[in-house]
Amino acid sequence: MPDMPFSLLSPALGLLLVFRTNTAYDRYAAGRAHWGVIVDLCKDIVRQGCYKFQDLKEKVELGRRVIAFAYVVKRHCRGGSEEAELKQMLTRLLGAAEAKRLMRSRHRPTQALQDIGILLDRQDYMDVVDKQDINRDIQQLAVNAGNCERIYKLPLPLQYTRFTGRWLAVWMGLLPLTLWREFKGSWIMIPGAALISVFFFGIEELGIQIEEPFSILPLETFCASVKASVVEMLNRESSEVKLPGIGPDAEEMP
């Protein structure tokens, strides 16, 4: 088979693979960035609540509801494969009645945020500015959770993925006909064609894997980070020592 068709079509195939992989990585990077913001905001809401709320029970409830929100968003980003696990987690955090109510809501992340907002609104003694600071974090949580939902519910067009895969399969299927003449019928053509196939199909598979970022992002680790930080802050609030003193061996300020 002459080399001319491959020379003309190779750039087009390369562009297809590059666009496919770049678009998939953009989705992965966006999902990772949004979840990073969610983790930071969850910790910040509890941090503010620990010194703005007066009642320890209200602080604990705030922490539990923030942790519940993180796990609800994790389940929302991955579809229905973790329903039983989420129900069990919410039951441990909020109790059976609250878990059942949250599980029945049509849009659980919004309901979880609304519960946090209602809890904040109960603190009548708080200054308006302090409430606005926490409400600003709640609003940003809603924005980033919505962005994650958009990534999950709007995948790349299936036609684009199919066209790229079919075109790559045809191209690789015809490649040995060209390599046969280049290698002058030598058996080395077989491992050469296999190596090229592995490389190109590997690029295609990489794009498919990262196209759905929430299936490979360590969301469990993100949620565990939120839970660990919240528990640590609440444990400090429940102890007698609110802030450790500066040790006598500390150096003087320059």
# chains A, B, ... in the order shown; residues from 1 in each chain; ligands from 1

$ residues_around --residues "A:Gly165" --least-positions-apart "2" --cutoff "12 Å" --atoms "only C-alpha atoms" --output "PyMOL selection string"
chain A and resi 13+16-17+20+158-163+167-172+200-205+207-208

$ residues_around --residues "stretch 189-193 of chain A" --least-positions-apart "5" --cutoff "7 Å" --atoms "only C-alpha atoms" --output "list in words"
Pro176, Leu179, Trp180 and Phe183 of chain A

$ closest_residue --among "A:Leu175, A:Leu41, A:Ala228, A:Ala84" --to "A:Leu195" --atoms "only C-alpha atoms"
A:Leu175

$ atom_distance --atom1 "atom CA of A:Cys77" --atom2 "atom CA of A:Ala145"
8.9 Å

$ closest_atom_pairs --of "stretch 53-125 of chain A" --to "stretch 218-225 of chain A" --cutoff "10 Å" --atoms "only C-alpha atoms" --output "CSV"
residue,atom,partner,partner_atom,distance
A:Ile67,CA,A:Cys223,CA,7.4
A:Ala68,CA,A:Cys223,CA,9.2
A:Phe69,CA,A:Cys223,CA,9.4
A:Ala70,CA,A:Cys223,CA,5.8
A:Tyr71,CA,A:Cys223,CA,6.3
A:Val72,CA,A:Cys223,CA,9.8
A:Val73,CA,A:Cys223,CA,9.5
A:Lys74,CA,A:Leu219,CA,6.3
A:Arg75,CA,A:Leu219,CA,9.3
A:Cys77,CA,A:Leu219,CA,9.3
A:Arg78,CA,A:Leu219,CA,9.6

$ select_by_dssp --residues "stretch 24-238 of chain A" --states "alpha helix (DSSP H)" --output "ChimeraX atom specification"
/A:24-52,56-78,83-94,96-104,108-121,128-153,158-182,189-211,219-238

$ atom_distance --atom1 "atom CA of A:Arg166" --atom2 "atom CA of A:Gln209"
17.4 Å

$ closest_residue --among "A:Ala194, A:Val46, A:Leu234, A:His76" --to "A:Asn147" --atoms "only C-alpha atoms"
A:His76
